[in-house]
>>> print(open('coords-v3.pdb').read())   # PDB, C-alpha atoms
ATOM      1  CA  MET A   1      66.147 -44.671  44.854
ATOM      2  CA  THR A   2      69.531 -43.127  44.318
ATOM      3  CA  PRO A   3      69.789 -39.334  44.181
ATOM      4  CA  VAL A   4      70.712 -39.473  40.514
ATOM      5  CA  LEU A   5      67.625 -41.388  39.587
ATOM      6  CA  ALA A   6      65.520 -39.091  41.734
ATOM      7  CA  PHE A   7      66.868 -36.044  39.908
ATOM      8  CA  ALA A   8      66.320 -37.730  36.559
ATOM      9  CA  ALA A   9      62.725 -38.596  37.451
ATOM     10  CA  ALA A  10      61.947 -35.057  38.619
ATOM     11  CA  GLY A  11      63.496 -33.625  35.484
ATOM     12  CA  ALA A  12      61.517 -35.953  33.270
ATOM     13  CA  VAL A  13      58.254 -35.004  34.973
ATOM     14  CA  THR A  14      59.076 -31.330  34.536
ATOM     15  CA  ILE A  15      59.784 -31.807  30.870
ATOM     16  CA  VAL A  16      56.523 -33.699  30.368
ATOM     17  CA  VAL A  17      54.471 -31.048  32.155
ATOM     18  CA  VAL A  18      56.085 -28.253  30.186
ATOM     19  CA  LEU A  19      55.441 -30.169  26.987
ATOM     20  CA  LEU A  20      51.787 -30.511  27.942
ATOM     21  CA  ILE A  21      51.546 -26.778  28.573
ATOM     22  CA  VAL A  22      53.193 -25.999  25.268
ATOM     23  CA  LEU A  23      50.891 -28.403  23.430
ATOM     24  CA  ALA A  24      47.841 -26.747  25.007
ATOM     25  CA  LEU A  25      49.162 -23.339  24.043
ATOM     26  CA  VAL A  26      49.777 -24.427  20.471
ATOM     27  CA  TYR A  27      46.366 -26.053  20.064
ATOM     28  CA  TYR A  28      44.347 -23.192  21.467
ATOM     29  CA  LEU A  29      46.372 -20.404  19.897
ATOM     30  CA  VAL A  30      46.200 -22.017  16.470
ATOM     31  CA  SER A  31      42.457 -22.417  16.891
ATOM     32  CA  VAL A  32      42.142 -18.751  17.840
ATOM     33  CA  ILE A  33      44.202 -17.765  14.803
ATOM     34  CA  VAL A  34      41.881 -19.731  12.545
ATOM     35  CA  GLN A  35      38.838 -18.051  14.034
ATOM     36  CA  LEU A  36      40.423 -14.619  13.715
ATOM     37  CA  ARG A  37      41.107 -15.300  10.047
ATOM     38  CA  LYS A  38      37.415 -16.134   9.569
ATOM     39  CA  ILE A  39      36.483 -12.925  11.344
ATOM     40  CA  THR A  40      38.804 -10.953   9.100
ATOM     41  CA  ALA A  41      37.239 -12.476   5.995
ATOM     42  CA  GLY A  42      33.761 -11.697   7.306
ATOM     43  CA  LEU A  43      34.700  -8.125   8.097
ATOM     44  CA  ASN A  44      36.071  -7.730   4.591
ATOM     45  CA  ASP A  45      32.665  -8.757   3.244
ATOM     46  CA  VAL A  46      31.001  -6.301   5.598
ATOM     47  CA  ILE A  47      33.273  -3.498   4.469
ATOM     48  CA  ALA A  48      32.509  -4.303   0.840
ATOM     49  CA  GLY A  49      28.748  -4.240   1.491
ATOM     50  CA  VAL A  50      28.905  -1.032   3.473
ATOM     51  CA  GLY A  51      31.017   0.535   0.739
ATOM     52  CA  GLU A  52      28.355  -0.342  -1.830
ATOM     53  CA  ILE A  53      25.682   1.126   0.413
ATOM     54  CA  LEU A  54      27.628   4.345   0.750
ATOM     55  CA  GLN A  55      28.179   4.503  -2.975
ATOM     56  CA  LYS A  56      24.530   3.893  -3.801
ATOM     57  CA  THR A  57      23.139   6.307  -1.226
ATOM     58  CA  GLU A  58      25.474   9.136  -2.160
ATOM     59  CA  PRO A  59      23.080  10.858  -4.643
ATOM     60  CA  VAL A  60      19.936  10.212  -2.599
ATOM     61  CA  ASP A  61      20.094  13.426  -0.622
ATOM     62  CA  GLU A  62      20.472  15.588  -3.692
ATOM     63  CA  VAL A  63      17.748  13.813  -5.687
ATOM     64  CA  VAL A  64      15.232  13.681  -2.843
ATOM     65  CA  THR A  65      15.838  17.342  -2.104
ATOM     66  CA  ALA A  66      15.153  18.178  -5.749
ATOM     67  CA  ILE A  67      11.968  16.070  -5.722
ATOM     68  CA  ASN A  68      10.778  17.818  -2.579
ATOM     69  CA  GLN A  69      11.465  21.201  -4.146
ATOM     70  CA  GLN A  70       9.380  20.266  -7.188
ATOM     71  CA  LEU A  71       6.536  18.953  -5.042
ATOM     72  CA  ASP A  72       6.675  22.008  -2.814
ATOM     73  CA  ALA A  73       6.342  24.208  -5.881
ATOM     74  CA  GLY A  74       3.336  22.176  -7.027
ATOM     75  CA  VAL A  75       1.679  22.365  -3.609
ATOM     76  CA  ASP A  76       2.287  26.095  -3.428
ATOM     77  CA  ALA A  77       0.771  26.636  -6.865
ATOM     78  CA  LEU A  78      -2.286  24.465  -6.199
ATOM     79  CA  GLU A  79      -2.934  25.957  -2.773
ATOM     80  CA  GLY A  80      -2.626  29.461  -4.120
ATOM     81  CA  LEU A  81      -4.911  28.740  -7.062
ATOM     82  CA  LEU A  82      -7.499  26.997  -4.900
ATOM     83  CA  VAL A  83      -7.623  29.802  -2.367
ATOM     84  CA  LYS A  84      -7.708  32.397  -5.107
ATOM     85  CA  LYS A  85     -10.570  30.808  -6.988
ATOM     86  CA  ALA A  86     -12.688  29.279  -4.229
ATOM     87  CA  GLY A  87     -11.870  31.503  -1.332
ATOM     88  CA  MET A  88     -10.221  30.383   1.868
ATOM     89  CA  SER A  89     -13.321  28.936   3.530
ATOM     90  CA  ASP A  90     -14.615  26.969   0.546
ATOM     91  CA  ALA A  91     -11.119  25.800  -0.295
ATOM     92  CA  LEU A  92     -10.799  24.379   3.193
ATOM     93  CA  GLY A  93     -14.201  22.736   2.839
ATOM     94  CA  LEU A  94     -13.177  21.149  -0.431
ATOM     95  CA  VAL A  95      -9.927  19.828   1.008
ATOM     96  CA  ASP A  96     -11.707  18.584   4.115
ATOM     97  CA  GLY A  97     -14.293  16.853   1.938
ATOM     98  CA  ILE A  98     -11.648  15.001   0.010
ATOM     99  CA  TYR A  99      -9.362  14.314   2.956
ATOM    100  CA  PRO A 100     -11.493  14.365   6.109
ATOM    101  CA  GLY A 101      -9.708  16.100   8.944
ATOM    102  CA  ALA A 102      -7.104  17.697   6.704
ATOM    103  CA  ALA A 103      -8.583  21.137   7.184
ATOM    104  CA  ALA A 104      -7.466  21.129  10.807
ATOM    105  CA  ALA A 105      -3.869  21.459   9.653
ATOM    106  CA  GLY A 106      -4.758  24.265   7.270
ATOM    107  CA  PHE A 107      -2.850  25.285   4.194
ATOM    108  CA  ARG A 108       0.897  25.395   4.383
ATOM    109  CA  ASN A 109       1.248  28.821   2.849
ATOM    110  CA  PHE A 110      -1.713  30.222   4.755
ATOM    111  CA  PRO A 111      -1.009  29.705   8.442
ATOM    112  CA  GLU A 112      -4.197  31.495   9.432
ATOM    113  CA  SER A 113      -6.272  28.853   7.612
ATOM    114  CA  GLY A 114      -5.852  26.412  10.479
ATOM    115  CA  ALA A 115      -8.152  28.488  12.656
ATOM    116  CA  ILE A 116     -11.013  28.513  10.122
ATOM    117  CA  THR A 117     -13.876  26.054  10.554
ATOM    118  CA  PRO A 118     -14.305  24.386   7.161
ATOM    119  CA  PRO A 119     -17.825  24.244   5.723
ATOM    120  CA  ARG A 120     -19.355  20.879   4.998
ATOM    121  CA  ILE A 121     -18.934  19.649   1.510
ATOM    122  CA  GLY A 122     -22.689  19.928   0.898
ATOM    123  CA  GLU A 123     -22.481  23.651   1.369
ATOM    124  CA  VAL A 124     -19.822  23.974  -1.296
ATOM    125  CA  TYR A 125     -21.265  21.750  -3.967
ATOM    126  CA  THR A 126     -24.778  21.450  -5.312
ATOM    127  CA  ASN A 127     -26.983  18.457  -4.634
ATOM    128  CA  GLY A 128     -26.437  17.270  -8.172
ATOM    129  CA  ALA A 129     -22.710  17.130  -7.719
ATOM    130  CA  LEU A 130     -23.116  15.224  -4.477
ATOM    131  CA  THR A 131     -25.543  12.791  -6.110
ATOM    132  CA  LEU A 132     -23.089  12.105  -8.864
ATOM    133  CA  ALA A 133     -20.381  11.686  -6.296
ATOM    134  CA  ARG A 134     -22.443   9.198  -4.300
ATOM    135  CA  LEU A 135     -23.157   7.177  -7.396
ATOM    136  CA  GLY A 136     -19.506   7.038  -8.283
ATOM    137  CA  ARG A 137     -17.333   4.161  -7.322
ATOM    138  CA  GLU A 138     -15.476   5.302  -4.230
ATOM    139  CA  ALA A 139     -15.638   8.842  -5.462
ATOM    140  CA  PRO A 140     -13.188  10.820  -3.352
ATOM    141  CA  ILE A 141     -15.484  13.800  -3.410
ATOM    142  CA  ALA A 142     -18.004  11.805  -1.378
ATOM    143  CA  ALA A 143     -15.528  10.724   1.239
ATOM    144  CA  GLY A 144     -16.938  13.369   3.533
ATOM    145  CA  ASN A 145     -20.470  12.066   3.171
ATOM    146  CA  PRO A 146     -21.983  11.689   6.673
ATOM    147  CA  ALA A 147     -23.419   8.337   5.608
ATOM    148  CA  GLY A 148     -19.959   7.015   4.930
ATOM    149  CA  PRO A 149     -17.887   6.654   1.822
ATOM    150  CA  ALA A 150     -19.822   6.059  -1.352
ATOM    151  CA  LEU A 151     -19.621   2.618  -2.836
ATOM    152  CA  ARG A 152     -21.376   1.283  -5.846
ATOM    153  CA  TYR A 153     -21.891  -2.434  -5.873
ATOM    154  CA  VAL A 154     -21.806  -4.132  -9.194
ATOM    155  CA  GLU A 155     -24.482  -6.692  -8.289
ATOM    156  CA  GLN A 156     -26.722  -4.175  -6.535
ATOM    157  CA  GLY A 157     -26.168  -1.257  -8.818
ATOM    158  CA  SER A 158     -29.856  -0.327  -8.891
ATOM    159  CA  LEU A 159     -30.010   0.413  -5.178
ATOM    160  CA  ALA A 160     -28.121   3.669  -5.448
ATOM    161  CA  ALA A 161     -30.282   4.763  -8.348
ATOM    162  CA  ARG A 162     -33.582   3.744  -6.673
ATOM    163  CA  GLN A 163     -32.721   5.726  -3.586
ATOM    164  CA  LEU A 164     -32.878   8.856  -5.669
ATOM    165  CA  TYR A 165     -36.686   8.449  -5.998
ATOM    166  CA  PRO A 166     -39.334   9.231  -3.344
ATOM    167  CA  GLU A 167     -39.676   6.887  -0.417
ATOM    168  CA  ALA A 168     -43.237   5.887  -1.381
ATOM    169  CA  ARG A 169     -41.873   4.071  -4.381
ATOM    170  CA  GLN A 170     -39.074   2.451  -2.409
ATOM    171  CA  ALA A 171     -41.273   0.900   0.303
ATOM    172  CA  MET A 172     -43.643  -0.577  -2.335
ATOM    173  CA  PRO A 173     -46.886  -0.204  -0.282
ATOM    174  CA  GLU A 174     -49.837  -2.430  -1.114
ATOM    175  CA  SER A 175     -52.143   0.555  -1.716
ATOM    176  CA  LEU A 176     -50.405   1.439  -4.911
ATOM    177  CA  PRO A 177     -52.443   0.345  -7.959
ATOM    178  CA  ARG A 178     -51.138  -2.709  -9.631
ATOM    179  CA  SER A 179     -50.711  -3.096 -13.321
ATOM    180  CA  PRO A 180     -53.894  -4.398 -15.127
ATOM    181  CA  VAL A 181     -54.194  -8.127 -15.728
ATOM    182  CA  ILE A 182     -55.195  -9.164 -19.219
ATOM    183  CA  GLY A 183     -56.360 -12.498 -20.660
ATOM    184  CA  THR A 184     -59.310 -14.882 -20.197
ATOM    185  CA  ASP A 185     -58.629 -15.247 -16.462
ATOM    186  CA  ALA A 186     -58.436 -11.521 -15.878
ATOM    187  CA  PRO A 187     -60.615 -10.293 -12.959
ATOM    188  CA  VAL A 188     -61.997  -7.501 -15.112
ATOM    189  CA  GLN A 189     -63.695  -8.737 -18.283
ATOM    190  CA  TYR A 190     -64.470  -6.153 -20.884
ATOM    191  CA  GLU A 191     -67.670  -6.088 -23.011
ATOM    192  CA  GLN A 192     -67.885  -9.001 -25.422
ATOM    193  CA  ARG A 193     -69.378  -8.718 -28.872
ATOM    194  CA  GLU A 194     -71.851 -11.485 -29.810
ATOM    195  CA  ASP A 195     -70.901 -11.471 -33.446
ATOM    196  CA  ILE A 196     -67.343 -12.470 -32.621
ATOM    197  CA  GLY A 197     -67.070 -16.174 -33.300
ATOM    198  CA  ALA A 198     -70.649 -16.489 -34.779
ATOM    199  CA  PRO A 199     -71.303 -17.578 -38.444
ATOM    200  CA  ARG A 200     -70.868 -14.786 -40.894
ATOM    201  CA  LYS A 201     -74.133 -13.173 -42.007
ATOM    202  CA  ARG A 202     -74.977 -13.638 -45.713
ATOM    203  CA  LEU A 203     -75.282 -10.567 -47.842
ATOM    204  CA  PRO A 204     -78.989  -9.945 -48.919
ATOM    205  CA  GLY A 205     -78.523  -9.750 -52.727
ATOM    206  CA  ARG A 206     -76.443 -12.854 -53.154
ATOM    207  CA  PRO A 207     -78.077 -15.799 -54.976
ATOM    208  CA  THR A 208     -78.382 -18.931 -52.868
ATOM    209  CA  THR A 209     -78.769 -21.513 -55.780
ATOM    210  CA  ALA A 210     -75.903 -20.654 -57.982
ATOM    211  CA  GLY A 211     -74.817 -23.319 -60.484
ATOM    212  CA  ALA A 212     -72.054 -25.542 -59.446
ATOM    213  CA  GLY A 213     -70.081 -24.856 -62.594
ATOM    214  CA  THR A 214     -70.744 -21.138 -62.701
ATOM    215  CA  ALA A 215     -67.726 -19.039 -62.474
ATOM    216  CA  PRO A 216     -67.730 -16.310 -59.845
ATOM    217  CA  SER A 217     -67.340 -13.705 -62.530
ATOM    218  CA  GLU A 218     -70.541 -14.890 -64.232
ATOM    219  CA  GLY A 219     -72.663 -14.398 -61.144
ATOM    220  CA  LEU A 220     -71.658 -10.786 -60.954
ATOM    221  CA  GLN A 221     -72.837 -10.020 -64.444
TER     222      GLN A 221
ATOM    223  CA  MET B   1      64.926 -32.195  45.446
ATOM    224  CA  ILE B   2      61.663 -31.932  47.283
ATOM    225  CA  LEU B   3      61.158 -28.418  45.988
ATOM    226  CA  TRP B   4      61.588 -29.659  42.422
ATOM    227  CA  TRP B   5      58.849 -32.188  42.933
ATOM    228  CA  ILE B   6      56.644 -29.550  44.475
ATOM    229  CA  GLY B   7      57.308 -27.382  41.424
ATOM    230  CA  ASP B   8      56.355 -30.236  39.117
ATOM    231  CA  ILE B   9      53.113 -30.785  41.013
ATOM    232  CA  VAL B  10      52.296 -27.081  40.887
ATOM    233  CA  LEU B  11      52.938 -27.012  37.158
ATOM    234  CA  LEU B  12      50.740 -30.044  36.583
ATOM    235  CA  VAL B  13      47.899 -29.180  38.936
ATOM    236  CA  VAL B  14      47.738 -25.386  38.794
ATOM    237  CA  VAL B  15      49.556 -23.887  35.807
ATOM    238  CA  LEU B  16      48.385 -26.308  33.143
ATOM    239  CA  PRO B  17      44.664 -26.110  34.066
ATOM    240  CA  VAL B  18      44.806 -22.348  34.323
ATOM    241  CA  VAL B  19      46.452 -22.078  30.897
ATOM    242  CA  VAL B  20      43.872 -24.437  29.382
ATOM    243  CA  VAL B  21      40.912 -22.617  30.910
ATOM    244  CA  LEU B  22      42.130 -19.205  29.780
ATOM    245  CA  LEU B  23      42.904 -20.313  26.249
ATOM    246  CA  ARG B  24      39.585 -22.135  25.960
ATOM    247  CA  GLY B  25      37.782 -18.943  26.954
ATOM    248  CA  VAL B  26      39.616 -16.973  24.281
ATOM    249  CA  LEU B  27      38.778 -19.629  21.691
ATOM    250  CA  THR B  28      35.107 -19.677  22.683
ATOM    251  CA  ALA B  29      34.877 -15.910  22.388
ATOM    252  CA  ALA B  30      36.577 -15.935  19.016
ATOM    253  CA  ARG B  31      34.230 -18.653  17.748
ATOM    254  CA  SER B  32      31.193 -16.694  18.924
ATOM    255  CA  ILE B  33      32.226 -13.662  16.875
ATOM    256  CA  VAL B  34      32.308 -15.527  13.571
ATOM    257  CA  PRO B  35      28.523 -16.111  13.202
ATOM    258  CA  SER B  36      27.805 -12.494  14.084
ATOM    259  CA  VAL B  37      30.241 -11.222  11.478
ATOM    260  CA  THR B  38      28.746 -13.602   8.924
ATOM    261  CA  GLU B  39      25.240 -12.298   9.644
ATOM    262  CA  ILE B  40      26.421  -8.700   9.442
ATOM    263  CA  ALA B  41      27.989  -9.433   6.079
ATOM    264  CA  LYS B  42      24.705 -10.912   4.835
ATOM    265  CA  VAL B  43      22.748  -7.906   6.069
ATOM    266  CA  ALA B  44      25.177  -5.504   4.434
ATOM    267  CA  ALA B  45      24.877  -7.392   1.154
ATOM    268  CA  ALA B  46      21.077  -7.402   1.391
ATOM    269  CA  GLY B  47      21.027  -3.699   2.223
ATOM    270  CA  SER B  48      23.216  -2.976  -0.741
ATOM    271  CA  LYS B  49      20.889  -5.002  -2.955
ATOM    272  CA  ASP B  50      17.862  -3.122  -1.633
ATOM    273  CA  LEU B  51      19.452   0.102  -2.755
ATOM    274  CA  ASP B  52      19.639  -1.052  -6.359
ATOM    275  CA  ALA B  53      16.441   0.921  -6.991
ATOM    276  CA  VAL B  54      18.002   4.192  -5.893
ATOM    277  CA  PRO B  55      18.818   5.234  -9.479
ATOM    278  CA  LEU B  56      15.062   5.126 -10.135
ATOM    279  CA  LEU B  57      14.854   8.249  -8.003
ATOM    280  CA  LEU B  58      16.182  10.080 -11.017
ATOM    281  CA  THR B  59      13.135   8.869 -12.942
ATOM    282  CA  THR B  60      10.934   9.962 -10.046
ATOM    283  CA  LEU B  61      12.547  13.371 -10.113
ATOM    284  CA  ASP B  62      11.922  13.643 -13.845
ATOM    285  CA  GLN B  63       8.304  12.556 -13.461
ATOM    286  CA  ALA B  64       7.749  14.962 -10.571
ATOM    287  CA  THR B  65       9.228  17.791 -12.571
ATOM    288  CA  ARG B  66       7.020  17.048 -15.558
ATOM    289  CA  THR B  67       3.942  16.610 -13.379
ATOM    290  CA  VAL B  68       4.487  19.904 -11.627
ATOM    291  CA  ALA B  69       5.044  21.565 -14.985
ATOM    292  CA  GLY B  70       1.742  20.133 -16.231
ATOM    293  CA  VAL B  71      -0.013  21.234 -13.073
ATOM    294  CA  ALA B  72       1.407  24.705 -13.533
ATOM    295  CA  ASN B  73       0.129  24.817 -17.099
ATOM    296  CA  TYR B  74      -3.350  23.675 -16.076
ATOM    297  CA  GLY B  75      -3.293  26.063 -13.160
ATOM    298  CA  GLY B  76      -2.432  28.932 -15.446
ATOM    299  CA  SER B  77      -5.301  28.037 -17.743
ATOM    300  CA  LEU B  78      -7.721  27.677 -14.849
ATOM    301  CA  ASP B  79      -6.542  30.985 -13.503
ATOM    302  CA  VAL B  80      -7.598  32.564 -16.768
ATOM    303  CA  ILE B  81     -10.859  30.630 -17.216
ATOM    304  CA  LEU B  82     -12.294  30.765 -13.713
ATOM    305  CA  ASP B  83     -13.294  33.881 -11.921
ATOM    306  CA  ASP B  84     -11.615  34.698  -8.683
ATOM    307  CA  ALA B  85     -13.516  34.270  -5.467
ATOM    308  CA  PRO B  86     -15.295  37.441  -4.437
ATOM    309  CA  ALA B  87     -13.378  39.554  -2.022
ATOM    310  CA  GLY B  88     -14.154  38.762   1.566
ATOM    311  CA  SER B  89     -15.459  35.268   0.841
ATOM    312  CA  GLY B  90     -12.760  33.613   2.824
TER     313      GLY B  90
END
>>> encode(input="coords-v3.pdb", output="structure tokens")
Amino acid sequence: MTPVLAFAAAGAVTIVVVLLIVLALVYYLVSVIVQLRKITAGLNDVIAGVGEILQKTEPVDEVVTAINQQLDAGVDALEGLLVKKAGMSDALGLVDGIYPGAAAAGFRNFPESGAITPPRIGEVYTNGALTLARLGREAPIAAGNPAGPALRYVEQGSLAARQLYPEARQAMPESLPRSPVIGTDAPVQYEQREDIGAPRKRLPGRPTTAGAGTAPSEGLQ
Amino acid sequence: MILWWIGDIVLLVVVLPVVVVLLRGVLTAARSIVPSVTEIAKVAAAGSKDLDAVPLLLTTLDQATRTVAGVANYGGSLDVILDDAPAGSG
């Protein structure tokens, strides 16, 4: 091979290799540009969504704060009224009866109430009130019932009412007198009168050979 | 002359593969970001839609205000009707 051809061959190889490198650069860089454009579009969507979130949540703090202020005022009023009217101990018992375990936290405006042992609900209300509460459907006042929350079943509604009566009636013992059986097959037959079902006795003054054509009114004359 | 050929071989065997590997890595990383950005955009849109009910808080505020006002009225009446607990009861 002459030196000229050798130089030409080396130069051609160099040009081809450089072209390959440039082609690889172009392909990959264009692909990266396309992906970056997709990322930019996606980030624009994200920014739009986040902007909406910011816009919608802007008044939340103010509104929720106002709601909490209103509810705080209501809680303060109810706690104060309850303690004023029922007394601290009974008020705690009432709250603990409705929300078992709530008395441990005490009243918010009465920090010393947390140290008071709440009375059982039965000591605050009369038996009648508790009976009504137990008969009620999931009455919240009976939530503190030691026997569990009160439930009234629709299909077994008589059970709650029957349990109000003495146990002797509930167990239905055999010694209780049964209701009397009446009728011809009754074990106890009462006195029978002989004249029932017998021919009617004739009256003594009535004629026995009255004419066949005599009217009833004539016989009486 | 020999050095030129050596340079050509180095370009073909070393430089070109290195360039391809590096660019492929950049492309792979860029492609992996796209699904994440798409998911984030969906989540942001869903979060924005979930907050459509925020204006109802104004209704809640109004209801709470009216309820507390009613409770205050009843409480005032009960305060008049019911006797206070005896002193020292609690």
>>> closest_residue(input="coords-v3.pdb", among="A:Asp90, A:Asp185, A:Glu79, A:Glu194", to="chain B", atoms="all atoms listed in the file")
A:Asp90
>>> resolve_selection(input="coords-v3.pdb", expression="the PyMOL selection byres ((chain B) within 6 of (chain A))", output="CSV table (one decimal) with C-alpha atoms, in the frame of the given file")
chain,number,residue,atom,x,y,z
B,8,ASP,CA,56.4,-30.2,39.1
B,12,LEU,CA,50.7,-30.0,36.6
B,16,LEU,CA,48.4,-26.3,33.1
B,23,LEU,CA,42.9,-20.3,26.2
B,27,LEU,CA,38.8,-19.6,21.7
B,30,ALA,CA,36.6,-15.9,19.0
B,31,ARG,CA,34.2,-18.7,17.7
B,34,VAL,CA,32.3,-15.5,13.6
B,37,VAL,CA,30.2,-11.2,11.5
B,38,THR,CA,28.7,-13.6,8.9
B,41,ALA,CA,28.0,-9.4,6.1
B,44,ALA,CA,25.2,-5.5,4.4
B,45,ALA,CA,24.9,-7.4,1.2
B,48,SER,CA,23.2,-3.0,-0.7
B,61,LEU,CA,12.5,13.4,-10.1
B,65,THR,CA,9.2,17.8,-12.6
B,68,VAL,CA,4.5,19.9,-11.6
B,84,ASP,CA,-11.6,34.7,-8.7
B,85,ALA,CA,-13.5,34.3,-5.5
B,89,SER,CA,-15.5,35.3,0.8
B,90,GLY,CA,-12.8,33.6,2.8
>>> axis_aligned_box(input="coords-v3.pdb", around="stretch 70-76 of chain A", padding_each_side="4 Å", output="lines of an AutoDock Vina configuration file")
center_x = 5.5
center_y = 22.5
center_z = -5.0
size_x = 15.7
size_y = 15.1
size_z = 12.4
>>> atom_distance(input="coords-v3.pdb", atom1="atom CA of A:Pro111", atom2="atom CA of B:Tyr74")
25.4 Å
>>> atom_distance(input="coords-v3.pdb", atom1="atom CA of B:Leu22", atom2="atom CA of B:Ile9")
19.5 Å
>>> residues_near_point(input="coords-v3.pdb", point="(-6.3, 22.9, 10.1)", cutoff="12 Å", atoms="all atoms listed in the file", output="PyMOL selection string")
chain A and resi 88-89+91-93+95-96+99-108+110-118
>>> atom_distance(input="coords-v3.pdb", atom1="atom CA of B:Val80", atom2="atom CA of A:Ile98")
24.6 Å
